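File shown: structure.cif (mmCIF, C-alpha atoms and all ligand atoms).
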data_protein
loop_
_atom_site.label_atom_id
_atom_site.label_comp_id
_atom_site.auth_asym_id
_atom_site.auth_seq_id
_atom_site.Cartn_x
_atom_site.Cartn_y
_atom_site.Cartn_z
CA MET A 943 102.89 82.49 118.58
CA LYS A 944 100.07 80.02 118.19
CA ASN A 945 97.51 80.01 120.96
CA LEU A 946 94.81 77.65 122.26
CA GLY A 947 95.88 74.87 119.86
CA LEU A 948 94.24 76.76 117.01
CA GLY A 949 95.25 76.02 113.46
CA ILE A 950 93.98 77.11 110.08
CA ALA A 951 92.25 75.33 107.24
CA ILE A 952 91.83 76.85 103.80
CA ALA A 953 88.26 75.88 103.25
CA GLY A 954 87.16 77.27 99.88
CA SER A 955 88.28 79.30 96.90
CA GLY A 956 86.71 81.57 94.30
CA SER A 957 87.72 83.83 91.46
CA ALA A 958 86.37 86.42 89.03
CA THR A 959 87.86 87.92 85.89
CA PRO A 960 86.67 90.58 83.44
CA THR A 961 85.12 89.41 80.16
CA GLN A 962 87.22 91.54 77.76
CA VAL A 963 90.10 89.46 76.31
CA LEU A 964 93.24 91.15 74.96
CA SER A 965 95.34 88.80 72.79
CA ASN A 966 98.96 89.03 71.71
CA ASP A 967 97.74 89.80 68.19
CA ASP A 968 95.67 92.70 69.58
CA LEU A 969 98.81 94.01 71.32
CA SER A 970 100.81 93.75 68.10
CA ARG A 971 98.42 96.36 66.66
CA ILE A 972 99.12 98.71 69.59
CA VAL A 973 102.93 98.41 70.00
CA ASP A 974 105.83 96.97 68.01
CA THR A 975 105.62 93.35 69.18
CA SER A 976 104.41 89.93 68.02
CA ASP A 977 102.64 86.83 69.30
CA GLU A 978 105.89 84.93 68.69
CA TRP A 979 107.98 87.31 70.88
CA ILE A 980 105.46 87.47 73.73
CA SER A 981 104.73 83.70 73.73
CA SER A 982 108.37 82.64 73.64
CA ARG A 983 109.63 85.22 76.19
CA THR A 984 106.72 85.02 78.66
CA GLY A 985 104.29 82.16 77.87
CA ILE A 986 101.42 84.68 77.84
CA LYS A 987 98.77 84.48 75.07
CA ASN A 988 95.78 86.42 76.41
CA ARG A 989 94.87 88.58 79.35
CA ARG A 990 91.54 89.79 80.78
CA ILE A 991 91.12 93.56 80.89
CA ALA A 992 88.59 95.41 83.05
CA SER A 993 86.36 97.87 81.19
CA ASN A 994 86.04 101.42 82.45
CA GLU A 995 82.76 100.41 84.09
CA GLU A 996 84.26 97.55 86.13
CA SER A 997 85.57 98.38 89.59
CA LEU A 998 88.09 96.56 91.70
CA ALA A 999 85.43 96.27 94.39
CA ASP A 1000 83.06 94.45 91.99
CA LEU A 1001 85.70 91.94 90.88
CA ALA A 1002 86.88 91.35 94.45
CA ALA A 1003 83.32 90.92 95.74
CA ARG A 1004 82.48 88.35 93.05
CA ALA A 1005 85.60 86.33 93.83
CA GLY A 1006 84.86 86.62 97.56
CA GLN A 1007 81.25 85.46 97.19
CA ASN A 1008 82.40 82.41 95.21
CA ALA A 1009 84.94 81.52 97.92
CA ILE A 1010 82.38 81.91 100.73
CA ALA A 1011 79.95 79.63 98.86
CA ALA A 1012 82.69 77.05 98.20
CA ALA A 1013 83.51 77.04 101.93
CA GLY A 1014 79.84 76.35 102.72
CA LEU A 1015 79.47 79.59 104.68
CA ALA A 1016 77.17 82.61 104.55
CA ALA A 1017 78.43 86.18 104.20
CA ASP A 1018 77.60 87.02 107.80
CA ASP A 1019 79.83 84.17 109.05
CA ILE A 1020 82.88 86.18 107.93
CA ASP A 1021 84.73 87.97 110.77
CA LEU A 1022 87.41 89.72 108.74
CA ILE A 1023 88.08 90.60 105.09
CA ILE A 1024 91.64 91.27 103.93
CA LEU A 1025 91.90 92.64 100.40
CA ALA A 1026 95.42 92.32 98.98
CA THR A 1027 95.69 94.89 96.22
CA SER A 1028 97.96 97.57 94.76
CA THR A 1029 95.24 99.09 92.58
CA SER A 1030 92.59 100.21 95.02
CA ASP A 1031 89.53 102.05 93.66
CA ASP A 1032 90.13 104.48 96.52
CA LEU A 1033 93.42 105.31 98.26
CA PHE A 1034 91.56 105.11 101.58
CA GLY A 1035 90.92 101.43 100.82
CA THR A 1036 88.46 99.25 98.93
CA ALA A 1037 87.94 96.40 101.43
CA ALA A 1038 85.04 98.09 103.24
CA ARG A 1039 83.24 98.58 99.93
CA VAL A 1040 83.73 94.85 99.24
CA GLN A 1041 82.35 94.07 102.72
CA HIS A 1042 79.21 96.05 101.83
CA LEU A 1043 78.81 94.47 98.37
CA ILE A 1044 79.11 90.97 99.83
CA GLY A 1045 76.83 91.76 102.76
CA ALA A 1046 79.42 90.57 105.28
CA THR A 1047 77.91 92.78 107.95
CA GLN A 1048 79.88 91.25 110.84
CA ALA A 1049 83.29 91.63 109.20
CA ALA A 1050 86.00 94.19 109.75
CA ALA A 1051 87.79 94.90 106.48
CA PHE A 1052 91.09 96.40 105.40
CA ASP A 1053 93.43 96.56 102.41
CA LEU A 1054 96.95 95.12 102.40
CA THR A 1055 99.52 96.15 99.80
CA ALA A 1056 102.49 93.99 98.87
CA ALA A 1057 102.21 93.99 95.06
CA CYS A 1058 102.48 90.50 93.56
CA SER A 1059 103.39 89.07 96.99
CA GLY A 1060 100.12 90.41 98.41
CA PHE A 1061 98.26 87.11 98.50
CA VAL A 1062 101.05 85.24 100.35
CA PHE A 1063 101.58 88.16 102.76
CA GLY A 1064 97.80 88.23 103.26
CA LEU A 1065 97.63 84.48 103.92
CA VAL A 1066 100.22 84.78 106.66
CA THR A 1067 98.56 87.91 108.10
CA ALA A 1068 95.12 86.27 108.16
CA SER A 1069 96.55 83.19 109.87
CA GLN A 1070 97.85 85.26 112.78
CA PHE A 1071 94.31 86.46 113.60
CA ILE A 1072 93.19 82.82 113.73
CA TYR A 1073 96.19 81.61 115.77
CA THR A 1074 95.49 84.23 118.44
CA GLY A 1075 91.84 83.17 118.63
CA ALA A 1076 90.66 86.64 117.54
CA TYR A 1077 88.72 85.46 114.47
CA ARG A 1078 87.40 82.14 113.11
CA ASN A 1079 86.43 82.85 109.47
CA ILE A 1080 88.52 85.16 107.32
CA LEU A 1081 88.01 86.05 103.67
CA LEU A 1082 91.30 86.78 101.93
CA ILE A 1083 91.02 88.31 98.46
CA GLY A 1084 93.82 89.12 96.02
CA ALA A 1085 92.58 91.53 93.35
CA ASP A 1086 94.23 93.93 90.95
CA ILE A 1087 93.39 96.03 87.89
CA LEU A 1088 96.91 96.80 86.70
CA SER A 1089 95.61 97.71 83.22
CA ARG A 1090 94.62 101.09 84.71
CA TRP A 1091 98.29 101.84 85.38
CA VAL A 1092 100.03 100.37 82.36
CA ASP A 1093 101.77 102.58 79.80
CA TRP A 1094 100.19 101.17 76.64
CA ASN A 1095 103.08 102.61 74.61
CA ASP A 1096 105.71 100.64 76.57
CA ARG A 1097 106.04 97.23 74.90
CA ALA A 1098 108.34 95.97 77.66
CA THR A 1099 105.55 96.16 80.29
CA CYS A 1100 102.14 96.41 78.59
CA ILE A 1101 102.33 92.84 77.28
CA LEU A 1102 102.68 91.36 80.76
CA PHE A 1103 99.69 92.39 82.83
CA GLY A 1104 96.05 91.41 83.14
CA ASP A 1105 93.21 92.00 85.61
CA GLY A 1106 91.31 89.73 87.99
CA ALA A 1107 90.49 88.62 91.52
CA GLY A 1108 90.87 85.40 93.48
CA ALA A 1109 89.89 84.56 97.05
CA VAL A 1110 90.07 81.95 99.79
CA VAL A 1111 88.33 81.46 103.12
CA LEU A 1112 90.56 80.63 106.07
CA GLN A 1113 88.90 78.90 109.00
CA ALA A 1114 89.94 78.06 112.53
CA SER A 1115 90.62 74.33 112.77
CA ASP A 1116 91.99 71.78 115.25
CA ARG A 1117 94.79 70.86 112.85
CA ASP A 1118 97.04 73.52 111.32
CA ARG A 1119 97.34 73.24 107.53
CA LEU A 1120 99.72 76.19 107.19
CA LEU A 1121 102.84 74.08 107.57
CA GLY A 1122 105.49 76.76 107.16
CA PHE A 1123 106.07 80.21 105.72
CA ALA A 1124 108.75 82.83 105.12
CA LEU A 1125 108.41 86.48 104.07
CA SER A 1126 111.06 88.94 102.85
CA SER A 1127 111.40 92.53 101.65
CA ASP A 1128 114.27 94.54 100.18
CA GLY A 1129 113.49 98.21 99.74
CA SER A 1130 117.00 98.91 98.45
CA GLN A 1131 115.80 97.51 95.11
CA ASN A 1132 112.53 99.44 95.17
CA GLN A 1133 113.42 101.40 92.01
CA GLU A 1134 113.33 98.22 89.87
CA LEU A 1135 109.52 98.11 89.79
CA ASN A 1136 107.27 101.07 90.61
CA LEU A 1137 103.81 102.51 90.30
CA ALA A 1138 104.93 105.74 91.92
CA TYR A 1139 103.29 108.94 93.04
CA GLN A 1140 104.12 111.79 90.70
CA ALA A 1141 104.13 115.13 92.46
CA GLN A 1142 103.40 118.59 91.10
CA PRO A 1143 104.66 121.27 93.54
CA ASN A 1144 101.82 123.42 94.79
CA PRO A 1145 102.94 126.53 96.74
CA LEU A 1146 100.29 127.30 99.38
CA THR A 1147 101.94 130.31 101.05
CA ASP A 1148 105.38 131.99 100.85
CA ASN A 1149 106.98 129.28 102.98
CA ILE A 1150 104.68 126.24 102.69
CA THR A 1151 104.65 124.05 99.61
CA THR A 1152 102.54 120.96 99.21
CA SER A 1153 102.26 118.59 96.29
CA THR A 1154 99.36 117.60 94.10
CA GLY A 1155 99.52 114.78 91.65
CA GLY A 1156 98.61 111.36 90.48
CA TYR A 1157 100.49 108.15 89.80
CA GLN A 1158 102.82 107.54 86.92
CA ALA A 1159 102.46 104.37 84.87
CA ILE A 1160 104.23 101.14 85.88
CA THR A 1161 107.98 101.24 85.29
CA MET A 1162 110.02 98.05 85.49
CA ASN A 1163 113.57 96.89 84.93
CA GLY A 1164 112.48 93.52 83.54
CA ARG A 1165 115.91 91.90 83.48
CA GLU A 1166 116.61 92.80 87.13
CA VAL A 1167 113.19 91.64 88.32
CA TYR A 1168 113.68 88.41 86.39
CA ARG A 1169 117.08 87.83 87.99
CA PHE A 1170 115.70 88.66 91.44
CA ALA A 1171 112.79 86.22 91.06
CA VAL A 1172 114.89 83.31 89.84
CA ALA A 1173 117.43 83.84 92.64
CA LYS A 1174 115.13 84.56 95.60
CA VAL A 1175 112.04 82.42 95.03
CA PRO A 1176 113.73 78.98 95.27
CA ASP A 1177 115.52 80.18 98.43
CA ILE A 1178 112.41 81.37 100.19
CA ILE A 1179 110.47 78.22 99.26
CA SER A 1180 113.36 76.16 100.67
CA LYS A 1181 113.22 78.22 103.88
CA ALA A 1182 109.45 77.69 104.23
CA LEU A 1183 109.91 73.96 103.52
CA PHE A 1184 112.60 73.77 106.20
CA ARG A 1185 110.21 75.39 108.70
CA ALA A 1186 107.56 72.87 107.64
CA ASN A 1187 110.09 70.07 108.11
CA LEU A 1188 109.47 68.90 104.54
CA GLU A 1189 111.63 68.12 101.50
CA ALA A 1190 110.76 69.59 98.08
CA SER A 1191 109.80 66.07 96.98
CA ALA A 1192 106.83 66.24 99.42
CA ILE A 1193 105.20 69.06 97.43
CA ASP A 1194 102.20 68.01 95.34
CA TRP A 1195 101.84 71.40 93.61
CA LEU A 1196 104.16 74.33 93.01
CA LEU A 1197 101.94 77.40 92.80
CA LEU A 1198 103.97 80.48 91.89
CA HIS A 1199 102.92 84.02 91.14
CA GLN A 1200 102.13 83.84 87.41
CA ALA A 1201 104.66 86.37 86.08
CA ASN A 1202 106.51 84.56 83.32
CA GLN A 1203 106.61 80.89 82.27
CA ARG A 1204 110.41 81.06 82.12
CA ILE A 1205 110.48 82.09 85.80
CA LEU A 1206 108.09 79.24 86.70
CA ASP A 1207 110.27 76.74 84.83
CA ALA A 1208 113.55 78.03 86.29
CA VAL A 1209 112.24 77.92 89.88
CA ALA A 1210 110.81 74.41 89.43
CA SER A 1211 114.08 73.22 87.95
CA ARG A 1212 116.16 74.70 90.82
CA LEU A 1213 113.92 72.92 93.33
CA ASP A 1214 113.94 69.73 91.26
CA ILE A 1215 110.14 69.77 90.98
CA PRO A 1216 108.81 68.16 87.77
CA SER A 1217 106.82 70.37 85.39
CA GLU A 1218 103.65 68.23 85.87
CA LYS A 1219 103.54 69.55 89.45
CA THR A 1220 103.83 73.20 88.42
CA ILE A 1221 100.52 75.04 88.12
CA SER A 1222 100.42 77.49 85.24
CA ASN A 1223 97.53 79.46 83.78
CA LEU A 1224 99.37 82.61 82.72
CA ALA A 1225 98.80 81.84 79.03
CA ASN A 1226 95.17 82.89 79.64
CA TYR A 1227 95.54 85.72 82.15
CA GLY A 1228 99.08 87.17 82.12
CA ASN A 1229 100.37 88.65 85.37
CA THR A 1230 97.37 89.59 87.54
CA SER A 1231 99.53 90.67 90.50
CA ALA A 1232 97.94 89.81 93.89
CA ALA A 1233 95.20 87.86 92.08
CA SER A 1234 97.41 85.43 90.19
CA ILE A 1235 97.98 82.81 92.90
CA PRO A 1236 94.34 82.58 94.09
CA ILE A 1237 92.96 82.54 90.50
CA ALA A 1238 95.32 79.66 89.60
CA LEU A 1239 94.49 77.91 92.89
CA ASP A 1240 90.74 78.24 92.31
CA GLU A 1241 90.96 76.90 88.75
CA ALA A 1242 93.07 73.93 89.87
CA VAL A 1243 90.68 73.14 92.74
CA ARG A 1244 87.56 73.42 90.57
CA SER A 1245 89.07 71.26 87.80
CA GLY A 1246 89.84 68.55 90.39
CA LYS A 1247 93.61 68.88 89.94
CA ILE A 1248 94.21 70.01 93.53
CA LYS A 1249 92.51 67.65 95.96
CA PRO A 1250 91.84 67.92 99.71
CA GLY A 1251 95.01 67.11 101.64
CA ASP A 1252 97.37 68.00 98.78
CA THR A 1253 100.49 69.90 99.85
CA ILE A 1254 101.01 73.19 98.00
CA ALA A 1255 104.08 75.42 97.93
CA ALA A 1256 102.89 78.92 97.01
CA SER A 1257 105.26 81.81 96.38
CA GLY A 1258 104.64 85.43 95.45
CA PHE A 1259 107.27 87.97 94.39
CA GLY A 1260 107.31 91.45 92.98
CA ALA A 1261 107.39 95.15 93.69
CA GLY A 1262 108.77 96.43 96.97
CA LEU A 1263 110.72 94.36 96.34
CA THR A 1264 108.83 91.72 98.31
CA TRP A 1265 108.76 87.94 98.18
CA GLY A 1266 107.28 85.19 100.30
CA ALA A 1267 106.37 81.52 100.41
CA ALA A 1268 103.73 79.50 102.22
CA ILE A 1269 103.48 75.71 102.42
CA PHE A 1270 99.92 74.59 103.10
CA GLN A 1271 97.57 71.65 102.73
CA TRP A 1272 94.41 72.25 100.74
CA GLY A 1273 90.95 71.84 102.29
CA LYS A 1274 89.51 71.11 105.70
CA GLU A 1275 88.97 67.34 105.54
N1 LIG B 1301 108.10 92.77 71.79
C1 LIG B 1301 109.23 92.70 71.06
N2 LIG B 1301 110.43 93.01 71.53
C2 LIG B 1301 110.51 93.42 72.82
C3 LIG B 1301 109.38 93.52 73.65
C4 LIG B 1301 108.13 93.19 73.08
N3 LIG B 1301 107.00 93.23 73.80
N4 LIG B 1301 109.78 93.95 74.87
C5 LIG B 1301 111.10 94.11 74.82
N5 LIG B 1301 111.55 93.81 73.57
C6 LIG B 1301 112.92 93.82 73.06
C7 LIG B 1301 113.83 94.74 73.87
O1 LIG B 1301 113.72 96.06 73.37
C8 LIG B 1301 115.18 94.13 73.63
O2 LIG B 1301 115.65 94.54 72.39
P1 LIG B 1301 117.21 94.88 72.17
O3 LIG B 1301 117.94 93.58 72.44
O4 LIG B 1301 117.26 95.34 70.75
O5 LIG B 1301 117.52 95.95 73.18
C9 LIG B 1301 114.88 92.63 73.52
O6 LIG B 1301 113.48 92.52 73.23
C10 LIG B 1301 115.19 91.86 74.79
O7 LIG B 1301 114.63 92.57 75.92
P2 LIG B 1301 114.75 92.05 77.38
O8 LIG B 1301 114.15 93.06 78.31
O9 LIG B 1301 116.16 91.59 77.63
O10 LIG B 1301 113.82 90.76 77.31
P3 LIG B 1301 113.68 89.61 78.35
O11 LIG B 1301 113.98 88.32 77.73
O12 LIG B 1301 114.34 89.95 79.66
O13 LIG B 1301 112.11 89.61 78.63
C11 LIG B 1301 110.53 90.37 80.27
C12 LIG B 1301 111.48 90.78 79.17
C13 LIG B 1301 109.48 89.47 79.68
C14 LIG B 1301 109.87 91.64 80.82
C15 LIG B 1301 111.30 89.64 81.37
O14 LIG B 1301 112.46 90.38 81.71
C16 LIG B 1301 110.51 89.39 82.61
O15 LIG B 1301 109.57 88.62 82.62
N6 LIG B 1301 110.88 90.02 83.74
C17 LIG B 1301 110.24 89.78 85.00
C18 LIG B 1301 108.97 90.54 85.14
C19 LIG B 1301 108.26 90.06 86.39
O16 LIG B 1301 108.32 88.90 86.72
N7 LIG B 1301 107.58 90.89 87.14
C20 LIG B 1301 107.00 90.31 88.36
C21 LIG B 1301 106.61 91.22 89.26
S1 LIG B 1301 105.29 92.19 88.68
C22 LIG B 1301 104.69 93.09 90.04
O17 LIG B 1301 105.15 93.00 91.15
C23 LIG B 1301 103.59 94.05 89.76
#

Target format structure tokens, applied to this file:
Amino acid sequence: MKNLGLGIAIAGSGSATPTQVLSNDDLSRIVDTSDEWISSRTGIKNRRIASNEESLADLAARAGQNAIAAAGLAADDIDLIILATSTSDDLFGTAARVQHLIGATQAAAFDLTAACSGFVFGLVTASQFIYTGAYRNILLIGADILSRWVDWNDRATCILFGDGAGAVVLQASDRDRLLGFALSSDGSQNQELNLAYQAQPNPLTDNITTSTGGYQAITMNGREVYRFAVAKVPDIISKALFRANLEASAIDWLLLHQANQRILDAVASRLDIPSEKTISNLANYGNTSAASIPIALDEAVRSGKIKPGDTIAASGFGAGLTWGAAIFQWGKE
């Protein structure tokens, strides 16, 4: 429930990506694939890959600092940092490390995990803290280094993913620019896309066994995830639009999780949204998971494509399975 007439404005964006570029031709020297296959099936040409010296915290902090500067704030204005990620540097969480790197000494910080839906789930979560009056300035970062968890021998998955971070600052405002949202999860399909714990049994005593292990590489049933995305994403955007009391024709920009150009095109076509209104940068970055929406948003804002007051329909979807949509107006003017 909204309180005290408080609304949110999304006041600034930032992003950061690693410098190493992995092209389709590079991949064709690692697995049995080709630029032609990858380009025509996914739209991806290049992706940025973190080196072994780059941490998730560093990428997230750089994106966060850029967003804070774009919002015209200082680090110690930030009350809360939410880091949406599935590839934490530390299973206990990376957000506090980001808080320290940024110097956001007044901010509480925590991680949120919802795979490629993480940014949209984070946007809705952050908004609740503003609606209740608890916080006024929140830094939301989506950041992932999926390259750490890719099986580089699996041509069906290794061609898809890249690394990066994107961020926005949400601010308390008299007028609410989050016009509508909807979130969904379906754990019954969890097995379609996993980065799962892999246990080794470790007998401690005669009757107590624990497990020790790590995580196995990403496994995905591509066809099922594709079908799921094309079926569920238009529905959840329509639900969020209904809650916003808007028609699809009122959307200035369709900003989907950058998974596959064919998914972007199919969703736009089902909603009758022309391709000129669909934001796509996956040719350069591939699927950067929780980072893909805020990186694409930041690029479109900085290039002048997205202008203050524009209405954006954002939708994330992925492992869990999870999916969500948020309809919001850009900027605080
Ligand atoms: N190069 C060449 N051939 C390949 C490659 C490759 N990289 N990968 C698969 N193939 C082959 C397959 O072996 C198969 O061959 P076969 O017909 O002889 O068996 C053929 O190409 C077709 O394979 P499909 O899996 O049917 O290919 P499809 O057109 O479905 O594309 C893809 C695969 C790109 C993975 C697609 O299914 C997709 O994008 N799925 C959705 C993924 C996604 O959106 N994930 C989002 C969430 S990510 C997250 O939450 C972390």

Contacts of segment 1111-1115 of chain A at 9 Å or less, counting only C-alpha atoms, minus same-chain residues fewer than 6 places along, as an mmCIF file with C-alpha atoms, in the frame of the given file?
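What landed in part-v2.cif:
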data_model
loop_
_atom_site.group_PDB
_atom_site.id
_atom_site.type_symbol
_atom_site.label_atom_id
_atom_site.label_comp_id
_atom_site.auth_asym_id
_atom_site.auth_seq_id
_atom_site.Cartn_x
_atom_site.Cartn_y
_atom_site.Cartn_z
ATOM 1 C CA GLY A 947 95.880 74.870 119.860
ATOM 2 C CA LEU A 948 94.240 76.760 117.010
ATOM 3 C CA GLY A 949 95.250 76.020 113.460
ATOM 4 C CA ILE A 950 93.980 77.110 110.080
ATOM 5 C CA ALA A 951 92.250 75.330 107.240
ATOM 6 C CA ILE A 952 91.830 76.850 103.800
ATOM 7 C CA ALA A 953 88.260 75.880 103.250
ATOM 8 C CA GLY A 954 87.160 77.270 99.880
ATOM 9 C CA SER A 955 88.280 79.300 96.900
ATOM 10 C CA GLY A 956 86.710 81.570 94.300
ATOM 11 C CA GLY A 1006 84.860 86.620 97.560
ATOM 12 C CA ALA A 1009 84.940 81.520 97.920
ATOM 13 C CA ILE A 1010 82.380 81.910 100.730
ATOM 14 C CA ALA A 1012 82.690 77.050 98.200
ATOM 15 C CA ALA A 1013 83.510 77.040 101.930
ATOM 16 C CA ILE A 1020 82.880 86.180 107.930
ATOM 17 C CA LEU A 1065 97.630 84.480 103.920
ATOM 18 C CA ALA A 1068 95.120 86.270 108.160
ATOM 19 C CA SER A 1069 96.550 83.190 109.870
ATOM 20 C CA ILE A 1072 93.190 82.820 113.730
ATOM 21 C CA TYR A 1073 96.190 81.610 115.770
ATOM 22 C CA GLY A 1075 91.840 83.170 118.630
ATOM 23 C CA TYR A 1077 88.720 85.460 114.470
ATOM 24 C CA ARG A 1078 87.400 82.140 113.110
ATOM 25 C CA ASN A 1079 86.430 82.850 109.470
ATOM 26 C CA ILE A 1080 88.520 85.160 107.320
ATOM 27 C CA LEU A 1081 88.010 86.050 103.670
ATOM 28 C CA LEU A 1082 91.300 86.780 101.930
ATOM 29 C CA ILE A 1083 91.020 88.310 98.460
ATOM 30 C CA LYS A 1274 89.510 71.110 105.700
#

Just want the 12 Å neighbourhood of His1042 of chain A, counted on all atoms listed in the file, with same-chain residues fewer than 3 positions away dropped. Output as a ChimeraX atom specification. /A:999-1000,1002-1003,1006-1007,1017-1018,1023,1036-1039,1045-1051

How would you write, as a ChimeraX atom specification, the set of residues no farther than 7 Å from ligand LIG 1301 (chain B) when counting all atoms listed in the file? /A:974-976,979-980,983-984,1057-1058,1097-1099,1101,1135,1164-1165,1167-1168,1171,1201-1202,1229,1231,1259-1261

Point-to-point distance in Å for atom CA of Thr1029 of chain A and atom CA of Gly1155 of chain A: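 Atom-to-atom, atom CA of Gly1155 of chain A to atom CA of Thr1029 of chain A, that is 16.3 Å.
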
Give me, as number ranges by chain, all polymer residues having an atom no more than 9 Å from segment 1187-1194 of chain A, counting only C-alpha atoms and skipping those fewer than 3 positions away in the same chain. A: 1121-1122, 1179-1180, 1182-1184, 1213-1215, 1219-1220, 1248, 1252-1255, 1269

Quick one, how far is atom CA of Gln1133 of chain A from atom CA of Asn1163 of chain A?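 These two atoms are separated by 8.4 Å.
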
Give the centre and edge lengths of an axis-aligned box, in Å to one decimal, that holds all listed atoms of segment 1211-1217 of chain A with 6 Å on each side, as lines of an AutoDock Vina configuration file.
center_x = 111.5
center_y = 71.4
center_z = 89.4
size_x = 21.3
size_y = 18.5
size_z = 19.9

Top pick for closest residue to Ser1127 of chain A, considering A:Ser1217, A:Ser997, A:Ser1059, A:Asn1149 and counting only C-alpha atoms: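 Looking at the shortest contact to Ser1127 of chain A, the residue is A:Ser1059.
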
Counting only C-alpha atoms, which of A:Val1066, A:Met1162, A:Ala992, A:Ala1107 gets nearest to Leu964 of chain A? A:Ala992

Atom-to-atom span, atom CA of Val1209 of chain A and atom CA of Ala1124 of chain A, Å: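 Going from atom CA of Val1209 of chain A over to atom CA of Ala1124 of chain A covers 16.4 Å.
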
Hey, what's within 9 Å of segment 1240-1243 of chain A if we count only C-alpha atoms and toss same-chain stuff fewer than 2 positions away? As a ChimeraX atom specification, please? /A:954-957,1009,1108-1110,1221,1223,1235-1238,1245-1250,1272

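Of the listed residues (A:Gln962, A:Gln1200, A:Ser1211, A:Gln1158), A:Gln1158 comes nearest to Val1092 of chain A; the distances count all atoms listed in the file.
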
Give me, as number ranges by chain, all polymer residues having an atom no more than 12 Å from Leu1033 of chain A, counting all atoms listed in the file and skipping those fewer than 2 positions away in the same chain. A: 1027-1031, 1035-1037, 1052-1055, 1139, 1156-1157
